[in-house]
$ cat model_10.cif   # mmCIF, C-alpha atoms
data_data
#
loop_
_atom_site.label_atom_id
_atom_site.label_comp_id
_atom_site.auth_asym_id
_atom_site.auth_seq_id
_atom_site.Cartn_x
_atom_site.Cartn_y
_atom_site.Cartn_z
CA MET A 1 11.42 -8.73 17.79
CA ASN A 2 11.47 -5.03 16.96
CA THR A 3 9.36 -4.01 14.00
CA THR A 4 10.73 -1.38 11.64
CA VAL A 5 8.55 0.87 9.51
CA ALA A 6 10.38 2.87 6.84
CA VAL A 7 8.98 5.94 5.07
CA GLY A 8 10.16 8.05 2.18
CA TYR A 9 9.98 11.73 3.13
CA ASP A 10 10.59 14.81 1.00
CA ARG A 11 8.71 17.57 2.89
CA THR A 12 5.99 17.79 0.22
CA ARG A 13 2.30 17.49 1.08
CA PRO A 14 2.15 13.81 -0.01
CA GLY A 15 5.35 13.25 1.94
CA GLU A 16 3.81 14.75 5.08
CA HIS A 17 0.79 12.49 4.73
CA ALA A 18 3.02 9.45 4.26
CA LEU A 19 5.03 10.46 7.33
CA GLY A 20 1.87 10.60 9.45
CA VAL A 21 0.65 7.23 8.18
CA ALA A 22 4.04 5.62 8.81
CA ALA A 23 4.35 7.05 12.33
CA ARG A 24 0.96 5.68 13.30
CA GLU A 25 1.82 2.28 11.84
CA ALA A 26 5.09 2.16 13.78
CA ALA A 27 3.32 3.21 17.01
CA ARG A 28 0.64 0.52 16.56
CA ARG A 29 3.37 -2.08 16.18
CA SER A 30 5.37 -0.76 19.17
CA GLY A 31 8.23 -0.60 16.71
CA SER A 32 10.61 1.99 15.32
CA LEU A 33 10.42 4.42 12.42
CA LEU A 34 13.06 5.07 9.78
CA VAL A 35 12.64 8.40 7.95
CA ILE A 36 14.49 8.33 4.63
CA SER A 37 15.33 11.25 2.37
CA ALA A 38 16.94 10.24 -0.93
CA TYR A 39 19.21 12.54 -2.88
CA HIS A 40 21.22 12.60 -6.07
CA TRP A 41 23.18 15.29 -7.83
CA LEU A 42 24.40 16.28 -11.25
CA THR A 43 27.99 17.18 -12.05
CA PRO A 44 28.02 20.92 -12.81
CA PRO A 45 29.10 21.89 -16.35
CA GLU A 46 32.49 23.48 -16.87
CA PRO A 47 33.45 26.12 -15.99
CA HIS A 48 31.75 26.19 -12.57
CA SER A 49 32.80 27.36 -9.14
CA MET A 50 31.50 24.19 -7.44
CA THR A 51 33.34 20.90 -7.74
CA PRO A 52 31.45 17.58 -7.99
CA ALA A 53 32.36 16.97 -4.35
CA ASP A 54 30.86 20.34 -3.38
CA THR A 55 27.66 19.53 -5.28
CA GLU A 56 27.38 16.13 -3.59
CA ALA A 57 27.96 17.65 -0.16
CA THR A 58 25.28 20.28 -0.75
CA ALA A 59 22.75 17.67 -1.87
CA ARG A 60 23.57 15.43 1.08
CA LYS A 61 23.26 18.28 3.58
CA ALA A 62 19.86 19.27 2.21
CA ALA A 63 18.63 15.67 2.40
CA GLU A 64 19.91 15.30 5.96
CA GLU A 65 18.07 18.44 7.00
CA ILE A 66 14.84 17.19 5.39
CA ALA A 67 15.10 13.78 7.08
CA GLN A 68 15.87 15.36 10.45
CA TYR A 69 12.95 17.75 10.05
CA GLY A 70 10.58 14.85 9.38
CA ALA A 71 11.96 12.88 12.31
CA GLY A 72 11.49 15.91 14.56
CA ARG A 73 7.84 16.23 13.53
CA VAL A 74 7.26 12.58 14.42
CA ARG A 75 8.96 12.95 17.81
CA GLU A 76 6.64 15.84 18.66
CA ARG A 77 3.57 13.67 18.05
CA HIS A 78 4.98 10.33 19.26
CA PRO A 79 7.61 11.12 21.91
CA ASP A 80 8.02 7.46 22.91
CA LEU A 81 8.57 6.19 19.36
CA PRO A 82 12.19 5.44 18.36
CA VAL A 83 12.89 7.45 15.20
CA GLU A 84 15.96 7.45 12.96
CA ALA A 85 16.60 10.01 10.21
CA ARG A 86 18.68 8.89 7.26
CA ALA A 87 19.83 10.61 4.05
CA VAL A 88 20.72 8.12 1.32
CA ALA A 89 22.39 8.79 -2.02
CA GLY A 90 20.52 7.49 -5.05
CA TYR A 91 17.24 7.78 -6.90
CA ALA A 92 14.27 7.65 -4.54
CA GLY A 93 12.62 4.53 -5.97
CA LYS A 94 15.82 2.50 -5.71
CA VAL A 95 16.65 3.86 -2.26
CA LEU A 96 13.23 3.04 -0.82
CA ALA A 97 13.16 -0.41 -2.41
CA ALA A 98 16.55 -1.12 -0.83
CA ALA A 99 15.16 0.00 2.54
CA SER A 100 12.47 -2.68 2.25
CA HIS A 101 15.17 -5.30 2.88
CA GLU A 102 15.54 -4.13 6.48
CA ALA A 103 11.96 -2.98 7.08
CA ASP A 104 8.81 -4.92 7.91
CA LEU A 105 6.62 -2.26 6.29
CA LEU A 106 7.37 0.52 3.82
CA VAL A 107 5.25 3.66 3.40
CA VAL A 108 5.45 5.94 0.36
CA GLY A 109 3.56 8.99 -0.83
CA ASN A 110 1.02 8.89 -3.61
CA ARG A 111 2.43 11.46 -6.01
CA GLY A 112 5.83 12.37 -7.35
CA THR A 113 6.93 15.99 -7.03
CA GLY A 114 8.02 16.37 -10.61
CA GLY A 115 5.29 14.59 -12.57
CA PHE A 116 2.27 15.75 -14.47
CA HIS A 117 -0.73 16.89 -12.41
CA GLY A 118 -2.87 14.08 -13.80
CA LEU A 119 -0.40 11.39 -12.75
CA MET A 120 -2.02 10.41 -9.47
CA LEU A 121 0.75 8.02 -8.46
CA GLY A 122 4.33 9.18 -8.86
CA SER A 123 6.92 7.17 -10.76
CA THR A 124 8.94 6.90 -7.54
CA SER A 125 6.15 4.98 -5.84
CA MET A 126 5.71 2.64 -8.82
CA ARG A 127 9.44 1.95 -9.01
CA THR A 128 9.49 1.25 -5.30
CA LEU A 129 6.66 -1.27 -5.60
CA ALA A 130 8.34 -2.91 -8.57
CA GLU A 131 11.40 -3.76 -6.44
CA ALA A 132 10.17 -3.85 -2.82
CA CYS A 133 10.28 -7.10 -0.86
CA CYS A 134 7.98 -6.22 2.06
CA PRO A 135 4.39 -4.92 2.24
CA VAL A 136 4.08 -1.34 1.00
CA ILE A 137 1.44 1.20 2.00
CA VAL A 138 0.82 3.93 -0.56
CA ALA A 139 -0.55 6.83 1.48
CA ARG A 140 -3.52 7.84 -0.63
CA GLY A 141 -6.27 10.09 0.71
CA ASP A 142 -5.63 13.42 2.36
CA THR A 143 -7.59 13.32 5.61
CA ASP A 144 -7.20 11.65 8.97
CA ASP A 145 -10.93 10.87 9.27
CA THR A 146 -11.56 7.32 10.42
CA HIS A 147 -14.26 4.81 9.51
CA ASP A 148 -13.03 1.98 11.76
CA ARG A 149 -13.12 -0.30 8.74
CA ILE A 150 -10.46 -2.14 6.72
CA ILE A 151 -11.21 -3.75 3.38
CA ALA A 152 -9.21 -6.71 2.09
CA ALA A 153 -9.60 -7.48 -1.61
CA VAL A 154 -8.81 -11.13 -2.36
CA ASP A 155 -8.84 -13.45 -5.34
CA ILE A 156 -9.99 -16.83 -4.07
CA ASP A 157 -8.54 -18.53 -7.16
CA THR A 158 -5.02 -17.69 -5.97
CA ASP A 159 -3.19 -18.06 -2.66
CA CYS A 160 -4.46 -15.11 -0.58
CA ASP A 161 -3.26 -16.20 2.88
CA THR A 162 -0.66 -13.43 3.14
CA ILE A 163 -3.23 -10.75 2.28
CA LEU A 164 -5.69 -12.08 4.86
CA ALA A 165 -3.00 -12.38 7.54
CA PHE A 166 -1.86 -8.78 6.98
CA ALA A 167 -5.44 -7.47 6.97
CA PHE A 168 -6.49 -9.34 10.12
CA GLU A 169 -3.36 -8.24 12.00
CA GLU A 170 -3.91 -4.63 10.92
CA ALA A 171 -7.56 -4.73 11.98
CA SER A 172 -6.57 -6.19 15.35
CA ARG A 173 -4.01 -3.43 15.96
CA ARG A 174 -6.55 -0.73 15.09
CA GLY A 175 -9.55 -2.29 16.79
CA ALA A 176 -11.30 -1.94 13.42
CA GLY A 177 -13.80 -4.07 11.59
CA LEU A 178 -12.70 -6.02 8.52
CA THR A 179 -14.56 -6.65 5.30
CA VAL A 180 -13.04 -9.33 3.07
CA THR A 181 -14.24 -8.82 -0.49
CA HIS A 182 -13.99 -11.04 -3.53
CA VAL A 183 -15.27 -9.55 -6.77
CA TRP A 184 -16.42 -12.06 -9.36
CA ASP A 185 -15.64 -10.21 -12.56
CA GLU A 186 -17.43 -12.38 -15.13
CA PRO A 187 -20.06 -10.04 -16.68
CA TRP A 188 -20.72 -12.33 -19.66
CA ILE A 189 -21.99 -15.07 -17.32
CA VAL A 190 -24.40 -12.66 -15.64
CA ALA A 191 -25.66 -11.39 -19.01
CA TYR A 192 -26.37 -14.91 -20.24
CA GLY A 193 -27.97 -15.81 -16.93
CA GLN A 194 -30.50 -13.03 -17.33
CA GLN A 195 -31.56 -14.44 -20.71
CA ASP A 196 -31.60 -18.17 -19.97
CA PRO A 197 -33.20 -19.54 -16.75
CA GLY A 198 -31.09 -22.69 -17.00
CA ILE A 199 -27.87 -20.71 -17.06
CA ALA A 200 -29.24 -18.51 -14.27
CA ASP A 201 -29.47 -21.59 -12.05
CA ASP A 202 -25.85 -22.46 -12.88
CA VAL A 203 -24.75 -18.93 -12.09
CA ALA A 204 -26.53 -19.04 -8.73
CA ARG A 205 -24.86 -22.37 -7.92
CA ILE A 206 -21.41 -21.02 -8.80
CA GLU A 207 -22.08 -17.94 -6.67
CA ARG A 208 -22.96 -20.13 -3.68
CA GLU A 209 -19.83 -22.21 -4.17
CA ARG A 210 -17.60 -19.14 -4.37
CA ASP A 211 -19.29 -17.59 -1.35
CA ASP A 212 -18.68 -20.79 0.63
CA ARG A 213 -15.00 -20.81 -0.38
CA LEU A 214 -14.60 -17.18 0.64
CA ALA A 215 -16.31 -17.82 3.97
CA GLY A 216 -13.98 -20.73 4.65
CA LEU A 217 -10.88 -18.62 3.97
CA VAL A 218 -12.12 -15.86 6.29
CA GLN A 219 -12.96 -18.32 9.06
CA ALA A 220 -9.51 -19.90 8.86
CA ALA A 221 -7.80 -16.51 9.09
CA GLN A 222 -10.08 -15.33 11.89
CA ALA A 223 -9.15 -18.36 13.99
CA LYS A 224 -5.72 -16.71 14.40
CA GLN A 225 -7.23 -13.29 15.20
CA PRO A 226 -10.50 -14.04 17.05
CA ASP A 227 -10.73 -10.46 18.36
CA VAL A 228 -11.40 -9.09 14.88
CA HIS A 229 -15.01 -8.59 13.81
CA ALA A 230 -14.88 -9.72 10.19
CA PHE A 231 -17.37 -10.59 7.52
CA HIS A 232 -17.05 -11.55 3.88
CA GLN A 233 -18.66 -10.12 0.79
CA LEU A 234 -19.00 -11.62 -2.68
CA ALA A 235 -19.66 -9.02 -5.37
CA ILE A 236 -20.21 -9.24 -9.12
CA GLY A 237 -19.05 -6.57 -11.52
CA SER A 238 -15.97 -4.49 -12.19
CA ALA A 239 -13.44 -5.14 -9.42
CA SER A 240 -11.73 -1.80 -9.97
CA ALA A 241 -14.93 0.25 -9.84
CA LEU A 242 -16.42 -1.58 -6.85
CA LEU A 243 -13.23 -1.41 -4.77
CA VAL A 244 -12.58 2.26 -5.55
CA GLU A 245 -16.12 3.03 -4.44
CA ALA A 246 -15.65 0.97 -1.27
CA SER A 247 -12.45 2.88 -0.45
CA HIS A 248 -14.57 5.94 0.39
CA ARG A 249 -15.75 4.08 3.50
CA ALA A 250 -12.47 2.52 4.61
CA ASP A 251 -9.32 3.52 6.50
CA LEU A 252 -7.15 1.06 4.59
CA LEU A 253 -7.59 -1.09 1.52
CA VAL A 254 -5.41 -4.23 1.47
CA THR A 255 -4.63 -5.98 -1.80
CA GLY A 256 -1.89 -8.20 -3.16
CA ALA A 257 0.60 -8.43 -5.98
CA ARG A 258 2.56 -11.40 -7.25
CA ARG A 259 6.28 -11.46 -6.62
CA HIS A 260 8.68 -11.50 -9.53
CA GLY A 261 9.91 -14.96 -10.35
CA GLU A 262 13.43 -16.37 -10.54
CA GLY A 263 14.55 -14.96 -7.20
CA ARG A 264 13.96 -11.31 -8.11
CA HIS A 265 12.64 -8.90 -5.52
CA GLY A 266 9.63 -6.73 -6.17
CA MET A 267 6.04 -7.10 -7.25
CA LEU A 268 4.09 -7.31 -10.48
CA ILE A 269 1.29 -4.75 -10.23
CA GLY A 270 -1.86 -5.99 -11.94
CA PRO A 271 -4.54 -3.79 -13.54
CA VAL A 272 -6.92 -3.80 -10.56
CA THR A 273 -4.20 -2.89 -8.06
CA GLN A 274 -2.91 -0.27 -10.52
CA THR A 275 -6.37 1.34 -10.58
CA LEU A 276 -6.61 1.31 -6.79
CA LEU A 277 -3.21 2.98 -6.51
CA GLN A 278 -4.41 5.69 -8.88
CA HIS A 279 -7.92 6.33 -7.58
CA ALA A 280 -8.58 4.90 -4.09
CA GLU A 281 -9.73 7.40 -1.47
CA CYS A 282 -7.79 5.79 1.38
CA PRO A 283 -4.30 4.35 1.86
CA VAL A 284 -3.64 1.15 -0.09
CA ALA A 285 -1.48 -1.66 1.31
CA VAL A 286 0.09 -3.90 -1.34
CA VAL A 287 1.19 -7.25 0.08
CA PRO A 288 3.66 -9.44 -1.86
CA GLN A 289 2.24 -12.89 -2.62
#
$ encode --input "model_10.cif" --output "structure tokens"
Amino acid sequence: MNTTVAVGYDRTRPGEHALGVAAREAARRSGSLLVISAYHWLTPPEPHSMTPADTEATARKAAEEIAQYGAGRVRERHPDLPVEARAVAGYAGKVLAAASHEADLLVVGNRGTGGFHGLMLGSTSMRTLAEACCPVIVARGDTDDTHDRIIAAVDIDTDCDTILAFAFEEASRRGAGLTVTHVWDEPWIVAYGQQDPGIADDVARIERERDDRLAGLVQAAQAKQPDVHAFHQLAIGSASALLVEASHRADLLVTGARRHGEGRHGMLIGPVTQTLLQHAECPVAVVPQ
């Protein structure tokens, strides 16, 4: 079955980075790439020489040229990769979320073109995540340096099978190592354990139990991808801070987000994932759970 990777492209620097990430993902999957440029237009005030139809045609033509330009850049680097350029009317977040219905993976840039400088993740990307129904890679980072390492952040108290499956498959495609990390964010337990030897013993026991559970999850996932060199890591502290720091030594950070309930598409972005999307130093893959 052909795999489709879709990418939002707007010829900005973040858009160029997202295009490169998406092209490599499509090539690794022996799939195809869909380059999407979204456009919308405003009806000109009266009196004006351009009609609404003229304005729409101008916006569409510009978007088509941008999409074709991006597709051409990909074809230069990946001549064997099937690439389609598509201009779609609508706001970018809605357009890209709709594309996730026909794609196996969606790639978006990490900053909107019209936002404040301090807003590290554009509103378009957040709106896309809020409505997307397939895994989404937010193309953070601005270099192509490789570390041959993927990090998967999991919560062992929830169902993390989809995150592990995505991470193991990605590591297998890249020939990269995989670190599966669970951060035990219970600082009050650690503080009490340092003051009371009895509690310290309980803390150590709980740590061993959680480490065993994490090891079991990794072993089960690795049985399906035995070629991947994986190990697990149990950490204690701030999940956001530890994972952002780890992203400096990774090519991809994989995390998850719960789906909306009641049949709605999209994901609920929690505080840890939100922080990673704002501050990670490598691309972040958000997998719907």
$ closest_residue --input "model_10.cif" --among "A:Gly8, A:Gly70, A:Gly90, A:Pro283" --to "Tyr39 (chain A)" --atoms "all atoms listed in the file"
A:Gly90
$ atom_distance --input "model_10.cif" --atom1 "CA of Gln219 (chain A)" --atom2 "CA of Thr162 (chain A)"
14.5 Å
$ atom_distance --input "model_10.cif" --atom1 "CA of Thr146 (chain A)" --atom2 "CA of Ala246 (chain A)"
13.9 Å
$ resolve_selection --input "model_10.cif" --expression "the PyMOL selection byres ((chain A and resi 94) around 9)" --output "list in words"
Gly90, Tyr91, Ala92, Gly93, Val95, Leu96, Ala97, Ala98, Ala99, Thr124, Arg127, Thr128, Glu131 and Ala132 of chain A
$ resolve_selection --input "model_10.cif" --expression "the PyMOL selection byres ((chain A and resi 232-234) around 7)" --output "PDB file with C-alpha atoms, in the coordinates of the input"
ATOM      1  CA  THR A 179     -14.560  -6.650   5.300  1.00  0.00           C
ATOM      2  CA  VAL A 180     -13.040  -9.330   3.070  1.00  0.00           C
ATOM      3  CA  THR A 181     -14.240  -8.820  -0.490  1.00  0.00           C
ATOM      4  CA  HIS A 182     -13.990 -11.040  -3.530  1.00  0.00           C
ATOM      5  CA  VAL A 183     -15.270  -9.550  -6.770  1.00  0.00           C
ATOM      6  CA  ASP A 211     -19.290 -17.590  -1.350  1.00  0.00           C
ATOM      7  CA  LEU A 214     -14.600 -17.180   0.640  1.00  0.00           C
ATOM      8  CA  ALA A 215     -16.310 -17.820   3.970  1.00  0.00           C
ATOM      9  CA  VAL A 218     -12.120 -15.860   6.290  1.00  0.00           C
ATOM     10  CA  ALA A 230     -14.880  -9.720  10.190  1.00  0.00           C
ATOM     11  CA  PHE A 231     -17.370 -10.590   7.520  1.00  0.00           C
ATOM     12  CA  ALA A 235     -19.660  -9.020  -5.370  1.00  0.00           C
ATOM     13  CA  ILE A 236     -20.210  -9.240  -9.120  1.00  0.00           C
TER      14      ILE A 236
END
$ atom_distance --input "model_10.cif" --atom1 "CA of Gly20 (chain A)" --atom2 "CA of Ile269 (chain A)"
25.0 Å
$ closest_residue --input "model_10.cif" --among "A:Arg29, A:Arg208, A:His17, A:Arg149" --to "Val108 (chain A)" --atoms "only C-alpha atoms"
A:His17
$ closest_residue --input "model_10.cif" --among "A:Thr273, A:Asp202, A:Glu56, A:Val136" --to "Ala239 (chain A)" --atoms "only C-alpha atoms"
A:Thr273
$ build_atoms --input "model_10.cif" --residues "region 84-95 of chain A" --atoms "all heavy atoms" --output "PDB file, in the coordinates of the input"
ATOM      1  N   GLU A  84      14.643   7.207  13.561  1.00  0.00           N
ATOM      2  CA  GLU A  84      15.960   7.450  12.960  1.00  0.00           C
ATOM      3  C   GLU A  84      15.774   8.216  11.664  1.00  0.00           C
ATOM      4  O   GLU A  84      14.897   7.890  10.857  1.00  0.00           O
ATOM      5  CB  GLU A  84      16.671   6.124  12.679  1.00  0.00           C
ATOM      6  CG  GLU A  84      18.021   6.307  11.984  1.00  0.00           C
ATOM      7  CD  GLU A  84      18.641   5.003  11.525  1.00  0.00           C
ATOM      8  OE1 GLU A  84      18.131   3.930  11.919  1.00  0.00           O
ATOM      9  OE2 GLU A  84      19.632   5.049  10.760  1.00  0.00           O
ATOM     10  N   ALA A  85      16.593   9.243  11.458  1.00  0.00           N
ATOM     11  CA  ALA A  85      16.600  10.010  10.210  1.00  0.00           C
ATOM     12  C   ALA A  85      17.799   9.586   9.387  1.00  0.00           C
ATOM     13  O   ALA A  85      18.907   9.447   9.914  1.00  0.00           O
ATOM     14  CB  ALA A  85      16.650  11.503  10.506  1.00  0.00           C
ATOM     15  N   ARG A  86      17.580   9.379   8.096  1.00  0.00           N
ATOM     16  CA  ARG A  86      18.680   8.890   7.260  1.00  0.00           C
ATOM     17  C   ARG A  86      18.600   9.528   5.875  1.00  0.00           C
ATOM     18  O   ARG A  86      17.546   9.510   5.237  1.00  0.00           O
ATOM     19  CB  ARG A  86      18.613   7.380   7.143  1.00  0.00           C
ATOM     20  CG  ARG A  86      19.790   6.749   6.406  1.00  0.00           C
ATOM     21  CD  ARG A  86      19.602   5.245   6.259  1.00  0.00           C
ATOM     22  NE  ARG A  86      19.512   4.552   7.548  1.00  0.00           N
ATOM     23  CZ  ARG A  86      19.284   3.250   7.658  1.00  0.00           C
ATOM     24  NH1 ARG A  86      19.090   2.512   6.569  1.00  0.00           N
ATOM     25  NH2 ARG A  86      19.225   2.684   8.856  1.00  0.00           N
ATOM     26  N   ALA A  87      19.699  10.113   5.418  1.00  0.00           N
ATOM     27  CA  ALA A  87      19.830  10.610   4.050  1.00  0.00           C
ATOM     28  C   ALA A  87      20.626   9.590   3.254  1.00  0.00           C
ATOM     29  O   ALA A  87      21.699   9.155   3.682  1.00  0.00           O
ATOM     30  CB  ALA A  87      20.524  11.961   4.029  1.00  0.00           C
ATOM     31  N   VAL A  88      20.099   9.180   2.104  1.00  0.00           N
ATOM     32  CA  VAL A  88      20.720   8.120   1.320  1.00  0.00           C
ATOM     33  C   VAL A  88      20.898   8.588  -0.114  1.00  0.00           C
ATOM     34  O   VAL A  88      19.952   9.097  -0.732  1.00  0.00           O
ATOM     35  CB  VAL A  88      19.875   6.831   1.348  1.00  0.00           C
ATOM     36  CG1 VAL A  88      20.570   5.712   0.579  1.00  0.00           C
ATOM     37  CG2 VAL A  88      19.601   6.395   2.788  1.00  0.00           C
ATOM     38  N   ALA A  89      22.112   8.403  -0.644  1.00  0.00           N
ATOM     39  CA  ALA A  89      22.390   8.790  -2.020  1.00  0.00           C
ATOM     40  C   ALA A  89      21.747   7.812  -2.991  1.00  0.00           C
ATOM     41  O   ALA A  89      21.815   6.596  -2.802  1.00  0.00           O
ATOM     42  CB  ALA A  89      23.900   8.847  -2.260  1.00  0.00           C
ATOM     43  N   GLY A  90      21.122   8.343  -4.026  1.00  0.00           N
ATOM     44  CA  GLY A  90      20.520   7.490  -5.050  1.00  0.00           C
ATOM     45  C   GLY A  90      19.145   8.004  -5.441  1.00  0.00           C
ATOM     46  O   GLY A  90      18.597   8.928  -4.818  1.00  0.00           O
ATOM     47  N   TYR A  91      18.592   7.417  -6.476  1.00  0.00           N
ATOM     48  CA  TYR A  91      17.240   7.780  -6.900  1.00  0.00           C
ATOM     49  C   TYR A  91      16.231   7.193  -5.916  1.00  0.00           C
ATOM     50  O   TYR A  91      16.387   6.076  -5.423  1.00  0.00           O
ATOM     51  CB  TYR A  91      16.973   7.285  -8.313  1.00  0.00           C
ATOM     52  CG  TYR A  91      17.746   8.065  -9.357  1.00  0.00           C
ATOM     53  CD1 TYR A  91      18.962   7.587  -9.845  1.00  0.00           C
ATOM     54  CD2 TYR A  91      17.274   9.280  -9.818  1.00  0.00           C
ATOM     55  CE1 TYR A  91      19.683   8.308 -10.794  1.00  0.00           C
ATOM     56  CE2 TYR A  91      17.992  10.014 -10.766  1.00  0.00           C
ATOM     57  CZ  TYR A  91      19.187   9.527 -11.238  1.00  0.00           C
ATOM     58  OH  TYR A  91      19.910  10.253 -12.157  1.00  0.00           O
ATOM     59  N   ALA A  92      15.183   7.969  -5.647  1.00  0.00           N
ATOM     60  CA  ALA A  92      14.270   7.650  -4.540  1.00  0.00           C
ATOM     61  C   ALA A  92      13.679   6.253  -4.648  1.00  0.00           C
ATOM     62  O   ALA A  92      13.605   5.522  -3.654  1.00  0.00           O
ATOM     63  CB  ALA A  92      13.165   8.695  -4.470  1.00  0.00           C
ATOM     64  N   GLY A  93      13.231   5.853  -5.829  1.00  0.00           N
ATOM     65  CA  GLY A  93      12.620   4.530  -5.970  1.00  0.00           C
ATOM     66  C   GLY A  93      13.561   3.412  -5.593  1.00  0.00           C
ATOM     67  O   GLY A  93      13.186   2.472  -4.880  1.00  0.00           O
ATOM     68  N   LYS A  94      14.813   3.505  -6.040  1.00  0.00           N
ATOM     69  CA  LYS A  94      15.820   2.500  -5.710  1.00  0.00           C
ATOM     70  C   LYS A  94      16.154   2.514  -4.226  1.00  0.00           C
ATOM     71  O   LYS A  94      16.311   1.468  -3.585  1.00  0.00           O
ATOM     72  CB  LYS A  94      17.084   2.751  -6.528  1.00  0.00           C
ATOM     73  CG  LYS A  94      16.943   2.506  -8.015  1.00  0.00           C
ATOM     74  CD  LYS A  94      16.999   1.021  -8.332  1.00  0.00           C
ATOM     75  CE  LYS A  94      17.062   0.771  -9.823  1.00  0.00           C
ATOM     76  NZ  LYS A  94      17.100  -0.679 -10.146  1.00  0.00           N
ATOM     77  N   VAL A  95      16.295   3.722  -3.674  1.00  0.00           N
ATOM     78  CA  VAL A  95      16.650   3.860  -2.260  1.00  0.00           C
ATOM     79  C   VAL A  95      15.581   3.243  -1.368  1.00  0.00           C
ATOM     80  O   VAL A  95      15.873   2.494  -0.427  1.00  0.00           O
ATOM     81  CB  VAL A  95      16.876   5.341  -1.909  1.00  0.00           C
ATOM     82  CG1 VAL A  95      16.930   5.546  -0.391  1.00  0.00           C
ATOM     83  CG2 VAL A  95      18.157   5.851  -2.553  1.00  0.00           C
TER      84      VAL A  95
END
